[in-house]
>>> print(open('target-v9.cif').read())   # mmCIF, C-alpha atoms and all ligand atoms
data_run
loop_
_atom_site.label_atom_id
_atom_site.label_comp_id
_atom_site.auth_asym_id
_atom_site.auth_seq_id
_atom_site.Cartn_x
_atom_site.Cartn_y
_atom_site.Cartn_z
CA MET A 1 87.43 -39.55 -46.90
CA SER A 2 87.47 -42.83 -45.01
CA TYR A 3 88.60 -46.18 -46.39
CA THR A 4 84.99 -47.41 -46.53
CA GLU A 5 84.01 -44.60 -48.85
CA ALA A 6 87.15 -45.03 -50.94
CA LYS A 7 86.41 -48.72 -51.27
CA GLU A 8 82.92 -47.88 -52.58
CA ARG A 9 84.25 -45.34 -55.08
CA TYR A 10 86.65 -47.95 -56.48
CA ALA A 11 83.92 -50.59 -56.48
CA GLU A 12 81.86 -48.32 -58.75
CA LEU A 13 84.72 -48.62 -61.24
CA GLY A 14 84.75 -52.38 -60.84
CA VAL A 15 87.91 -52.36 -58.73
CA ASP A 16 88.04 -54.51 -55.58
CA THR A 17 90.42 -52.70 -53.21
CA GLN A 18 90.87 -55.67 -50.89
CA LYS A 19 91.84 -57.89 -53.82
CA ALA A 20 94.42 -55.30 -54.85
CA ILE A 21 95.81 -55.15 -51.31
CA ASP A 22 95.99 -58.95 -51.09
CA ARG A 23 97.83 -59.22 -54.40
CA LEU A 24 100.41 -56.67 -53.34
CA LYS A 25 100.97 -58.33 -49.95
CA LYS A 26 102.24 -61.45 -51.73
CA ALA A 27 104.71 -59.71 -54.06
CA SER A 28 108.27 -59.29 -52.89
CA LEU A 29 110.50 -56.28 -53.45
CA SER A 30 114.25 -56.55 -52.91
CA LEU A 31 115.82 -54.12 -50.51
CA HIS A 32 119.39 -53.20 -51.52
CA CYS A 33 121.74 -53.38 -48.54
CA TRP A 34 124.06 -50.80 -50.17
CA GLN A 35 121.88 -47.74 -49.46
CA GLY A 36 122.94 -48.06 -45.81
CA ASP A 37 126.70 -47.48 -46.21
CA ASP A 38 127.14 -45.70 -49.54
CA VAL A 39 128.09 -48.95 -51.37
CA ARG A 40 131.26 -49.45 -49.30
CA GLY A 41 130.86 -53.02 -48.07
CA PHE A 42 133.01 -54.75 -45.47
CA ASP A 43 135.64 -56.64 -47.46
CA THR A 44 138.02 -53.83 -48.43
CA ASP A 45 139.13 -50.48 -47.01
CA PRO A 46 135.88 -48.55 -46.43
CA ASP A 47 137.56 -45.26 -47.37
CA LYS A 48 138.63 -46.42 -50.82
CA PRO A 49 136.94 -44.71 -53.77
CA LEU A 50 133.89 -46.27 -55.37
CA THR A 51 134.86 -47.38 -58.90
CA GLY A 52 133.11 -48.84 -61.95
CA GLY A 53 131.46 -45.60 -62.99
CA ILE A 54 129.09 -45.34 -60.02
CA GLN A 55 129.16 -42.61 -57.41
CA THR A 56 127.55 -41.62 -54.15
CA THR A 57 127.45 -37.97 -53.23
CA GLY A 58 126.95 -36.43 -49.80
CA ASN A 59 128.29 -37.14 -46.33
CA TYR A 60 125.22 -37.15 -44.13
CA PRO A 61 126.26 -38.49 -40.72
CA GLY A 62 125.39 -41.95 -39.48
CA ARG A 63 126.29 -44.41 -42.22
CA ALA A 64 126.50 -48.06 -41.12
CA ARG A 65 130.11 -49.15 -40.57
CA THR A 66 129.68 -52.74 -39.41
CA PRO A 67 127.38 -55.68 -40.18
CA GLU A 68 125.63 -55.10 -36.83
CA GLU A 69 124.93 -51.46 -37.64
CA LEU A 70 123.72 -52.29 -41.14
CA MET A 71 121.43 -55.05 -39.85
CA SER A 72 120.02 -52.77 -37.19
CA ASP A 73 119.32 -50.11 -39.84
CA ILE A 74 117.63 -52.67 -42.09
CA ASP A 75 115.38 -53.69 -39.18
CA GLU A 76 114.45 -50.06 -38.73
CA VAL A 77 113.53 -49.86 -42.42
CA ARG A 78 111.50 -53.08 -42.23
CA SER A 79 109.43 -51.65 -39.41
CA LEU A 80 108.39 -48.73 -41.62
CA VAL A 81 107.61 -50.34 -44.97
CA PRO A 82 104.62 -52.43 -46.03
CA GLY A 83 104.83 -55.51 -48.25
CA ARG A 84 107.22 -58.42 -48.50
CA VAL A 85 110.84 -57.42 -48.12
CA LYS A 86 113.46 -59.59 -49.77
CA MET A 87 117.09 -58.88 -48.89
CA ASN A 88 119.59 -57.96 -51.63
CA LEU A 89 123.28 -58.32 -50.82
CA HIS A 90 126.50 -57.60 -52.66
CA ALA A 91 129.46 -59.94 -52.29
CA SER A 92 131.42 -57.08 -50.72
CA TYR A 93 129.14 -57.43 -47.68
CA ALA A 94 130.81 -60.76 -46.77
CA ILE A 95 131.30 -61.10 -43.04
CA MET A 96 134.83 -62.31 -42.37
CA ASN A 97 136.31 -62.60 -38.91
CA GLU A 98 138.56 -64.74 -36.71
CA SER A 99 135.77 -67.20 -36.03
CA ASN A 100 135.19 -68.07 -39.71
CA GLY A 101 138.77 -68.20 -40.90
CA GLY A 102 139.64 -64.53 -41.41
CA TRP A 103 139.83 -62.40 -44.54
CA VAL A 104 139.86 -63.90 -48.03
CA ASP A 105 139.83 -62.19 -51.41
CA ARG A 106 136.72 -62.15 -53.60
CA ASP A 107 137.76 -65.17 -55.67
CA ARG A 108 137.79 -67.25 -52.49
CA LEU A 109 134.47 -66.27 -50.95
CA GLU A 110 132.39 -69.10 -49.53
CA PRO A 111 128.86 -69.60 -48.24
CA LYS A 112 130.18 -69.42 -44.66
CA HIS A 113 130.94 -65.73 -45.16
CA PHE A 114 127.21 -65.18 -45.53
CA ALA A 115 126.03 -67.46 -42.72
CA ALA A 116 125.26 -64.49 -40.47
CA TRP A 117 123.16 -62.95 -43.26
CA VAL A 118 121.29 -66.25 -43.66
CA ASP A 119 120.48 -66.23 -39.94
CA PHE A 120 119.39 -62.62 -40.23
CA CYS A 121 117.09 -63.38 -43.18
CA ARG A 122 115.74 -66.62 -41.79
CA GLU A 123 114.70 -65.04 -38.48
CA ARG A 124 112.80 -62.43 -40.47
CA LYS A 125 111.37 -64.87 -43.03
CA MET A 126 113.08 -63.11 -45.92
CA GLY A 127 114.58 -64.55 -49.09
CA CYS A 128 117.83 -63.08 -50.36
CA ASP A 129 119.15 -61.91 -53.73
CA PHE A 130 122.85 -61.60 -54.45
CA ASN A 131 125.39 -59.71 -56.55
CA PRO A 132 129.00 -60.42 -57.35
CA THR A 133 130.96 -57.20 -56.75
CA PHE A 134 133.03 -56.37 -59.84
CA PHE A 135 134.08 -52.89 -58.68
CA SER A 136 135.94 -50.94 -55.98
CA HIS A 137 138.75 -53.48 -55.75
CA PRO A 138 142.51 -53.49 -56.54
CA LYS A 139 142.00 -56.26 -59.15
CA CYS A 140 140.00 -53.92 -61.41
CA ASP A 141 142.69 -53.05 -64.00
CA PRO A 142 140.38 -51.03 -64.49
CA LEU A 143 138.41 -53.70 -66.41
CA THR A 144 137.20 -56.97 -64.92
CA LEU A 145 135.45 -59.68 -66.97
CA ALA A 146 136.33 -57.91 -70.25
CA SER A 147 139.94 -57.17 -69.32
CA PRO A 148 142.65 -57.89 -71.90
CA ASN A 149 144.65 -59.50 -69.08
CA LYS A 150 143.90 -63.15 -68.53
CA ASP A 151 144.92 -63.05 -64.85
CA THR A 152 142.41 -60.31 -64.21
CA ARG A 153 139.63 -62.11 -66.06
CA ASP A 154 140.39 -65.37 -64.27
CA PHE A 155 140.23 -63.68 -60.88
CA TRP A 156 136.83 -62.18 -61.64
CA ILE A 157 135.51 -65.40 -63.23
CA GLU A 158 136.43 -67.21 -60.03
CA HIS A 159 134.60 -64.49 -58.11
CA GLY A 160 131.51 -64.99 -60.28
CA LYS A 161 131.57 -68.76 -59.78
CA ALA A 162 132.01 -68.35 -56.03
CA CYS A 163 128.95 -66.09 -56.12
CA ILE A 164 126.89 -68.75 -57.90
CA ARG A 165 127.76 -71.19 -55.10
CA ILE A 166 126.83 -68.58 -52.51
CA SER A 167 123.57 -67.82 -54.34
CA SER A 168 122.66 -71.52 -54.38
CA TYR A 169 123.36 -71.64 -50.67
CA LEU A 170 121.15 -68.61 -50.01
CA ALA A 171 118.32 -70.12 -52.09
CA LYS A 172 118.54 -73.50 -50.38
CA GLU A 173 118.83 -72.13 -46.86
CA LEU A 174 116.04 -69.60 -47.26
CA GLY A 175 113.78 -71.61 -49.55
CA GLU A 176 113.37 -68.78 -52.06
CA THR A 177 114.89 -68.20 -55.51
CA CYS A 178 118.02 -66.06 -55.47
CA ILE A 179 118.39 -63.52 -58.28
CA MET A 180 122.13 -63.16 -58.91
CA ASN A 181 122.92 -60.04 -60.88
CA ILE A 182 125.98 -59.66 -63.07
CA TRP A 183 126.95 -56.05 -63.68
CA THR A 184 130.38 -54.66 -64.41
CA GLY A 185 131.41 -51.09 -65.11
CA ASP A 186 133.83 -52.25 -67.82
CA GLY A 187 134.24 -49.63 -70.50
CA SER A 188 136.39 -46.68 -71.48
CA LYS A 189 136.52 -42.96 -70.90
CA ASP A 190 137.51 -42.12 -74.44
CA ILE A 191 136.98 -43.47 -77.92
CA PRO A 192 138.16 -47.08 -77.92
CA ALA A 193 140.21 -48.61 -80.72
CA ASP A 194 138.34 -51.90 -80.46
CA ARG A 195 134.75 -52.32 -79.38
CA LEU A 196 134.30 -55.94 -80.38
CA THR A 197 137.08 -57.88 -78.64
CA PRO A 198 136.25 -56.65 -75.12
CA ARG A 199 132.64 -57.74 -75.73
CA GLU A 200 133.78 -61.15 -76.91
CA ARG A 201 135.89 -61.48 -73.79
CA TYR A 202 132.96 -60.37 -71.64
CA ARG A 203 130.71 -62.95 -73.33
CA GLU A 204 133.27 -65.71 -72.76
CA SER A 205 133.78 -64.69 -69.12
CA ILE A 206 130.04 -64.81 -68.43
CA ASP A 207 129.92 -68.21 -70.19
CA ALA A 208 132.68 -69.38 -67.83
CA ILE A 209 130.84 -68.09 -64.74
CA LEU A 210 127.57 -69.71 -65.80
CA SER A 211 129.36 -73.02 -66.39
CA GLU A 212 129.38 -73.38 -62.60
CA PRO A 213 126.52 -75.83 -61.88
CA TYR A 214 123.29 -74.43 -60.43
CA SER A 215 119.59 -75.12 -60.62
CA PHE A 216 117.77 -72.45 -62.61
CA ASP A 217 114.87 -72.70 -60.14
CA GLU A 218 117.15 -71.77 -57.26
CA VAL A 219 119.53 -69.31 -58.84
CA LYS A 220 118.53 -66.93 -61.60
CA PRO A 221 121.56 -65.10 -62.93
CA THR A 222 120.62 -61.76 -64.50
CA ILE A 223 122.65 -59.67 -66.95
CA GLU A 224 122.38 -55.92 -66.33
CA SER A 225 123.17 -53.49 -69.12
CA LYS A 226 124.22 -49.86 -68.96
CA VAL A 227 124.63 -46.94 -71.31
CA PHE A 228 127.61 -45.21 -69.65
CA GLY A 229 129.17 -44.39 -66.29
CA ILE A 230 131.24 -41.59 -64.79
CA GLY A 231 134.79 -42.01 -66.09
CA VAL A 232 133.61 -44.51 -68.70
CA GLU A 233 131.61 -42.15 -70.87
CA SER A 234 132.54 -43.31 -74.36
CA TYR A 235 132.12 -47.04 -74.33
CA THR A 236 130.33 -49.58 -72.15
CA VAL A 237 131.13 -53.22 -72.84
CA GLY A 238 127.86 -54.49 -71.32
CA SER A 239 125.57 -52.29 -73.40
CA SER A 240 121.85 -52.92 -73.82
CA GLU A 241 122.25 -54.86 -77.07
CA PHE A 242 125.02 -56.94 -75.52
CA ALA A 243 123.04 -57.85 -72.39
CA LEU A 244 119.79 -58.57 -74.22
CA SER A 245 121.51 -60.69 -76.84
CA TYR A 246 123.40 -62.60 -74.17
CA ALA A 247 120.19 -63.34 -72.30
CA ALA A 248 118.30 -64.24 -75.50
CA PHE A 249 120.97 -66.69 -76.61
CA ASN A 250 121.22 -68.24 -73.12
CA ARG A 251 117.59 -68.42 -72.13
CA ASP A 252 117.97 -71.56 -70.07
CA LYS A 253 120.75 -70.01 -68.00
CA CYS A 254 119.96 -66.36 -67.29
CA ILE A 255 117.49 -63.50 -67.72
CA PRO A 256 117.93 -59.83 -68.64
CA LEU A 257 117.92 -57.07 -66.04
CA MET A 258 116.96 -53.49 -66.85
CA ASP A 259 117.94 -50.64 -64.51
CA ASN A 260 115.82 -47.60 -65.34
CA GLY A 261 118.86 -45.36 -64.79
CA HIS A 262 120.77 -47.05 -67.58
CA TYR A 263 119.22 -45.60 -70.72
CA HIS A 264 119.21 -42.33 -72.61
CA PRO A 265 117.01 -39.83 -70.74
CA THR A 266 114.05 -39.96 -73.12
CA GLU A 267 113.96 -43.76 -73.25
CA VAL A 268 111.59 -45.35 -70.75
CA VAL A 269 111.86 -48.75 -69.13
CA SER A 270 108.06 -48.88 -68.71
CA ASP A 271 107.74 -49.45 -72.46
CA LYS A 272 110.64 -51.92 -72.55
CA ILE A 273 109.01 -54.23 -69.97
CA PRO A 274 106.25 -55.57 -72.26
CA ALA A 275 108.68 -55.58 -75.20
CA LEU A 276 110.92 -58.02 -73.34
CA LEU A 277 108.01 -59.99 -71.90
CA ALA A 278 106.88 -60.74 -75.46
CA PHE A 279 110.00 -62.94 -75.65
CA PHE A 280 111.34 -63.69 -72.15
CA PRO A 281 109.24 -65.63 -69.63
CA GLU A 282 110.91 -63.66 -66.82
CA ILE A 283 112.86 -60.44 -66.51
CA ALA A 284 114.39 -58.47 -63.66
CA LEU A 285 114.40 -54.77 -62.82
CA HIS A 286 116.49 -52.30 -60.84
CA ILE A 287 114.17 -49.52 -59.81
CA THR A 288 115.87 -46.18 -59.30
CA ARG A 289 115.51 -42.48 -60.23
CA PRO A 290 117.88 -41.08 -62.76
CA VAL A 291 118.08 -37.29 -62.65
CA ARG A 292 119.59 -36.41 -66.05
CA TRP A 293 121.93 -39.40 -65.78
CA ASP A 294 122.32 -42.59 -63.70
CA SER A 295 122.37 -40.53 -60.50
CA ASP A 296 120.57 -43.14 -58.38
CA HIS A 297 118.31 -40.69 -56.54
CA VAL A 298 115.64 -42.01 -54.17
CA VAL A 299 112.60 -43.44 -56.00
CA LEU A 300 109.61 -41.07 -55.96
CA PHE A 301 105.93 -41.61 -56.65
CA ASP A 302 106.47 -40.00 -60.03
CA ASP A 303 105.06 -40.54 -63.51
CA GLU A 304 107.63 -43.04 -64.75
CA THR A 305 107.63 -45.08 -61.53
CA ARG A 306 103.83 -45.33 -61.82
CA GLU A 307 104.11 -46.25 -65.49
CA ILE A 308 106.67 -48.98 -64.71
CA ALA A 309 104.36 -50.31 -61.99
CA LYS A 310 101.41 -50.36 -64.39
CA GLU A 311 103.34 -52.48 -66.87
CA ILE A 312 104.52 -54.85 -64.14
CA VAL A 313 100.95 -55.33 -62.91
CA ARG A 314 99.32 -55.57 -66.35
CA CYS A 315 101.88 -58.06 -67.64
CA GLY A 316 101.57 -60.48 -64.73
CA GLY A 317 104.85 -59.29 -63.24
CA LEU A 318 103.67 -59.59 -59.66
CA GLU A 319 102.92 -63.25 -60.21
CA GLY A 320 106.55 -64.09 -60.91
CA ARG A 321 107.40 -62.73 -64.35
CA VAL A 322 109.16 -59.58 -63.12
CA HIS A 323 111.73 -59.68 -60.32
CA MET A 324 111.83 -56.27 -58.68
CA ALA A 325 114.75 -54.76 -56.80
CA LEU A 326 115.56 -51.27 -55.64
CA ASP A 327 118.90 -49.77 -56.64
CA TYR A 328 119.78 -46.26 -55.50
CA PHE A 329 122.13 -44.68 -53.00
CA ASP A 330 121.80 -41.22 -51.56
CA ALA A 331 124.44 -40.18 -49.01
CA SER A 332 123.19 -36.60 -48.69
CA ILE A 333 120.12 -37.30 -46.53
CA ASN A 334 119.17 -39.63 -43.69
CA ARG A 335 119.88 -43.03 -45.25
CA ILE A 336 117.07 -44.85 -43.45
CA SER A 337 114.60 -42.28 -44.71
CA ALA A 338 116.03 -42.68 -48.24
CA TRP A 339 115.49 -46.43 -48.06
CA VAL A 340 111.98 -46.12 -46.59
CA THR A 341 110.84 -43.40 -48.99
CA GLY A 342 111.93 -45.35 -52.07
CA PHE A 343 110.49 -48.63 -50.85
CA ARG A 344 107.17 -47.07 -49.88
CA ASN A 345 106.96 -45.20 -53.18
CA THR A 346 107.56 -48.35 -55.20
CA GLU A 347 104.86 -50.17 -53.23
CA LYS A 348 102.62 -47.15 -53.65
CA ALA A 349 103.06 -47.18 -57.42
CA LEU A 350 102.27 -50.90 -57.49
CA LEU A 351 99.12 -50.42 -55.42
CA TYR A 352 98.09 -47.52 -57.64
CA ALA A 353 98.49 -49.80 -60.67
CA LEU A 354 96.50 -52.57 -58.98
CA LEU A 355 93.64 -50.12 -58.41
CA THR A 356 93.31 -49.49 -62.14
CA PRO A 357 90.42 -51.14 -64.03
CA ASN A 358 92.88 -52.60 -66.51
CA ASP A 359 90.48 -54.92 -68.33
CA ASP A 360 87.99 -52.11 -68.97
CA LEU A 361 90.69 -49.79 -70.23
CA ARG A 362 92.12 -52.46 -72.49
CA ARG A 363 88.66 -53.00 -73.96
CA LEU A 364 88.35 -49.29 -74.74
CA GLN A 365 91.70 -49.46 -76.53
CA ASP A 366 90.70 -52.54 -78.52
CA GLU A 367 87.39 -50.94 -79.50
CA SER A 368 89.21 -47.75 -80.58
CA ARG A 369 87.28 -45.68 -78.03
CA PHE A 370 90.26 -43.41 -77.45
CA THR A 371 88.30 -40.35 -76.30
CA GLU A 372 86.76 -42.29 -73.45
CA LEU A 373 90.06 -44.03 -72.71
CA MET A 374 91.74 -40.67 -72.15
CA VAL A 375 88.92 -39.38 -69.96
CA ARG A 376 88.81 -42.54 -67.84
CA GLN A 377 92.58 -42.63 -67.40
CA GLU A 378 92.69 -38.97 -66.38
CA GLU A 379 89.86 -39.32 -63.88
CA LEU A 380 91.64 -42.16 -62.11
CA LYS A 381 94.24 -39.65 -60.97
CA THR A 382 91.88 -37.98 -58.50
CA MET A 383 90.43 -41.15 -57.01
CA PRO A 384 90.87 -41.44 -53.19
CA PHE A 385 94.02 -43.51 -53.55
CA GLY A 386 95.62 -42.26 -50.30
CA ASP A 387 92.92 -43.92 -48.18
CA VAL A 388 93.54 -47.30 -49.78
CA TRP A 389 97.30 -46.84 -49.36
CA ASN A 390 96.89 -46.07 -45.67
CA GLU A 391 94.63 -49.11 -45.29
CA TYR A 392 97.30 -51.25 -46.95
CA CYS A 393 99.92 -49.91 -44.51
CA SER A 394 97.62 -50.57 -41.58
CA GLN A 395 96.90 -54.15 -42.71
CA CYS A 396 100.68 -54.68 -43.00
CA GLY A 397 101.15 -53.33 -39.47
CA VAL A 398 103.27 -50.33 -40.49
CA PRO A 399 102.62 -46.59 -40.10
CA ALA A 400 100.45 -44.69 -42.58
CA ASP A 401 101.77 -41.62 -44.42
CA GLY A 402 102.38 -38.79 -42.00
CA GLN A 403 103.02 -41.22 -39.15
CA TRP A 404 106.56 -42.48 -39.65
CA PHE A 405 108.96 -39.58 -39.92
CA GLY A 406 109.01 -39.03 -36.15
CA GLU A 407 110.45 -42.52 -35.76
CA ILE A 408 113.20 -41.68 -38.28
CA GLU A 409 114.08 -38.64 -36.16
CA ARG A 410 114.12 -40.70 -32.98
CA TYR A 411 116.40 -43.33 -34.56
CA GLU A 412 118.70 -40.63 -35.87
CA LYS A 413 118.97 -39.06 -32.43
CA ASP A 414 119.34 -42.31 -30.45
CA VAL A 415 121.33 -44.44 -32.88
CA LEU A 416 122.76 -42.75 -35.99
CA SER A 417 124.12 -39.65 -34.28
CA GLN A 418 126.04 -41.84 -31.82
CA ARG A 419 128.15 -43.20 -34.71
CA LYS A 420 131.15 -40.89 -34.58
C1 LIG A 501 125.43 -49.62 -61.46
C2 LIG A 501 124.40 -50.69 -61.46
C3 LIG A 501 124.52 -51.72 -60.38
C4 LIG A 501 124.90 -51.13 -59.04
C5 LIG A 501 124.77 -52.09 -57.87
C6 LIG A 501 125.48 -51.59 -56.67
O1 LIG A 501 125.18 -48.61 -62.35
O2 LIG A 501 123.13 -50.12 -61.44
O3 LIG A 501 123.35 -52.45 -60.31
O4 LIG A 501 124.17 -49.99 -58.74
O5 LIG A 501 125.19 -53.35 -58.24
ZN ZN A 502 121.47 -51.37 -61.15
#
>>> encode(input="target-v9.cif", output="structure tokens")
Amino acid sequence: MSYTEAKERYAELGVDTQKAIDRLKKASLSLHCWQGDDVRGFDTDPDKPLTGGIQTTGNYPGRARTPEELMSDIDEVRSLVPGRVKMNLHASYAIMNESNGGWVDRDRLEPKHFAAWVDFCRERKMGCDFNPTFFSHPKCDPLTLASPNKDTRDFWIEHGKACIRISSYLAKELGETCIMNIWTGDGSKDIPADRLTPRERYRESIDAILSEPYSFDEVKPTIESKVFGIGVESYTVGSSEFALSYAAFNRDKCIPLMDNGHYHPTEVVSDKIPALLAFFPEIALHITRPVRWDSDHVVLFDDETREIAKEIVRCGGLEGRVHMALDYFDASINRISAWVTGFRNTEKALLYALLTPNDDLRRLQDESRFTELMVRQEELKTMPFGDVWNEYCSQCGVPADGQWFGEIERYEKDVLSQRK
């Protein structure tokens, strides 16, 4: 079927495909730099283990080893994904060299260590989100902000404050709000003897970080919760209740962030989005695919991703209430393809949600016409969605489905396979 016919089919349902496309073109989706190098970063030994309860598996050849390689890979991704890309950096991706004063530890990071990233983003008209890096570092004892040791906490608080200054710099330079996400893997492998005091210390450490001055329009700190991590199975300091309560009690300073890999397997973030939006003006998301646990597989066009997208769209998320970022890392397949597949699938799910006659369906629900609601919802699944998706890609100047994998193979042959 051609786009013209698809457009007519949707029009019969009262859905304007061009309006849907235009709405999606304006929404930004944050691209996580850490898919490109298996979350290694540039500020410490790249062969050190990843800590904090997160893990990458696989050793597919061609990971980016330098800022230049990572930037080149990100450009390759950008050429293959539709929509507005916003960059998402971790503090560990600081660029430190002779010309900007050499190496400093994370508590001493400055905006200048991200000047090259600002140039990169500005040339490409992208905003940038940011993350302090509270893992994979000798100062994890193994805890960070919740550590019983004051020296450790102070080091990481200083890191957090430095990151607020860097986030303000990114927002000012790029003219777009910077979402600054606070996540630590603090917790314990086995049954703890005290679950309260570490949480009180964590709360106080976040208070200390957020005492650094910033404008809430420019920098939006987010608090990400988690259920458990590898090696910290029994207790997570920054649990869901902790993070939500922190954000609720500090509404003028931060917002909650939900990562859909951070809940028990039968819990769904799609349902949590409107629950939080009934109270918080804005929330943030990490979009990932948990396979049985927080495995951070590449995002697919699957049921829960579509359901999350529906809630984002129906709740006004695209118009600023929901800040969307990708968060996964697969080292077992071509990393560029992993990035592109997950980005395209998230955009796809959003477009699919935008092509839903939401007002009509809501009316059926309110009028208790549940038989018809089920039938209408089911029939939407076989609408000619692929034609509208390909039209969206074409209007964004990127390849349609079926047209981009050859370019991945070319880049692998010419660029990635040369990285020995
Ligand atoms: C870990 C969290 C966190 C990280 C990134 C690298 O479980 O999801 O968001 O994945 O900060
Ligand atoms: Zn996350």
>>> residues_near_ligand(input="target-v9.cif", ligand="ligand ZN 502 (chain A)", cutoff="6 Å", atoms="all atoms listed in the file", output="PyMOL selection string")
chain A and resi 259+286+327
>>> closest_residue(input="target-v9.cif", among="A:Gly238, A:Gly160, A:Gly342, A:Gly187", to="Gly52 of chain A", atoms="all atoms listed in the file")
A:Gly187
>>> atom_distance(input="target-v9.cif", atom1="atom CA of Ser394 of chain A", atom2="atom CA of Tyr411 of chain A")
21.3 Å
>>> closest_atom_pairs(input="target-v9.cif", of="chain A", to="ligand LIG 501 (chain A)", cutoff="9 Å", atoms="only C-alpha atoms and all ligand atoms", output="Markdown table")
| residue | atom | partner | partner_atom | distance |
| --- | --- | --- | --- | --- |
| A:His32 | CA | A:LIG501 | C6 | 8.1 |
| A:Trp34 | CA | A:LIG501 | C6 | 6.7 |
| A:Gln35 | CA | A:LIG501 | C6 | 8.9 |
| A:Val39 | CA | A:LIG501 | C6 | 6.5 |
| A:Gly52 | CA | A:LIG501 | C1 | 7.7 |
| A:Gly53 | CA | A:LIG501 | O1 | 7.0 |
| A:Ile54 | CA | A:LIG501 | O1 | 5.6 |
| A:Gln55 | CA | A:LIG501 | O1 | 8.7 |
| A:His90 | CA | A:LIG501 | O5 | 7.1 |
| A:Asn131 | CA | A:LIG501 | O5 | 6.6 |
| A:Pro132 | CA | A:LIG501 | O5 | 8.1 |
| A:Thr133 | CA | A:LIG501 | O5 | 7.1 |
| A:Phe134 | CA | A:LIG501 | O5 | 8.6 |
| A:Phe135 | CA | A:LIG501 | O5 | 8.9 |
| A:Asn181 | CA | A:LIG501 | O5 | 7.5 |
| A:Ile182 | CA | A:LIG501 | O5 | 8.0 |
| A:Trp183 | CA | A:LIG501 | C3 | 6.0 |
| A:Thr184 | CA | A:LIG501 | C1 | 7.7 |
| A:Gly185 | CA | A:LIG501 | C1 | 7.2 |
| A:Glu224 | CA | A:LIG501 | O3 | 7.0 |
| A:Ser225 | CA | A:LIG501 | C2 | 8.2 |
| A:Lys226 | CA | A:LIG501 | O1 | 6.8 |
| A:Phe228 | CA | A:LIG501 | O1 | 8.4 |
| A:Gly229 | CA | A:LIG501 | O1 | 7.0 |
| A:Met258 | CA | A:LIG501 | O2 | 8.9 |
| A:Asp259 | CA | A:LIG501 | O2 | 6.1 |
| A:Asn260 | CA | A:LIG501 | O2 | 8.7 |
| A:Gly261 | CA | A:LIG501 | O2 | 7.2 |
| A:His262 | CA | A:LIG501 | O1 | 7.0 |
| A:His286 | CA | A:LIG501 | O3 | 6.9 |
| A:Thr288 | CA | A:LIG501 | O2 | 8.5 |
| A:Asp294 | CA | A:LIG501 | O1 | 6.8 |
| A:Ser295 | CA | A:LIG501 | O1 | 8.8 |
| A:Asp296 | CA | A:LIG501 | O4 | 7.7 |
| A:Asp327 | CA | A:LIG501 | O4 | 5.7 |
| A:Tyr328 | CA | A:LIG501 | O4 | 6.6 |
| A:Phe329 | CA | A:LIG501 | O4 | 8.1 |
>>> residues_around(input="target-v9.cif", residues="segment 137-143 of chain A", least_positions_apart="6", cutoff="10 Å", atoms="all atoms listed in the file", output="ChimeraX atom specification")
/A:43-45,48-52,92,105-106,149,151-153,155-156,184-188,198,237
>>> residues_around(input="target-v9.cif", residues="segment 349-363 of chain A", least_positions_apart="2", cutoff="7 Å", atoms="only C-alpha atoms", output="PyMOL selection string")
chain A and resi 13-15+17+20+24+301+305-306+309-310+313+345-347+365-367+373
>>> atom_distance(input="target-v9.cif", atom1="atom CA of Gln18 of chain A", atom2="atom CA of Gly317 of chain A")
19.0 Å
>>> atom_distance(input="target-v9.cif", atom1="atom CA of Arg195 of chain A", atom2="atom CA of Ile223 of chain A")
18.8 Å
>>> residues_near_point(input="target-v9.cif", point="(112.1, -47.1, -46.6)", cutoff="9 Å", atoms="all atoms listed in the file", output="NGL selection string")
:A and (31 or 76-81 or 335-345)
>>> residues_near_point(input="target-v9.cif", point="(125.4, -57.8, -50.1)", cutoff="12 Å", atoms="all atoms listed in the file", output="ChimeraX atom specification")
/A:30-37,39-43,67,70-71,87-95,113-114,116-118,128-133,163,166-167,170,180-181
>>> residues_around(input="target-v9.cif", residues="segment 379-392 of chain A", least_positions_apart="3", cutoff="6 Å", atoms="all atoms listed in the file", output="mmCIF file with C-alpha atoms, in the frame of the given file")
data_model
loop_
_atom_site.group_PDB
_atom_site.id
_atom_site.type_symbol
_atom_site.label_atom_id
_atom_site.label_comp_id
_atom_site.auth_asym_id
_atom_site.auth_seq_id
_atom_site.Cartn_x
_atom_site.Cartn_y
_atom_site.Cartn_z
ATOM 1 C CA TYR A 3 88.600 -46.180 -46.390
ATOM 2 C CA ALA A 6 87.150 -45.030 -50.940
ATOM 3 C CA ARG A 376 88.810 -42.540 -67.840
ATOM 4 C CA GLN A 395 96.900 -54.150 -42.710
ATOM 5 C CA ALA A 400 100.450 -44.690 -42.580
#
>>> closest_residue(input="target-v9.cif", among="A:Val398, A:Met96, A:Val85, A:Val298", to="Asn334 of chain A", atoms="only C-alpha atoms")
A:Val298
>>> residues_around(input="target-v9.cif", residues="His264 of chain A", least_positions_apart="5", cutoff="9 Å", atoms="all atoms listed in the file", output="list of chain:residue names")
A:Val227, A:Arg292, A:Trp293
>>> residues_around(input="target-v9.cif", residues="Ser211 of chain A", least_positions_apart="3", cutoff="10 Å", atoms="all atoms listed in the file", output="count of residues only")
8
>>> closest_residue(input="target-v9.cif", among="A:Arg9, A:Lys220, A:Arg203, A:Lys86", to="Cys178 of chain A", atoms="only C-alpha atoms")
A:Lys220
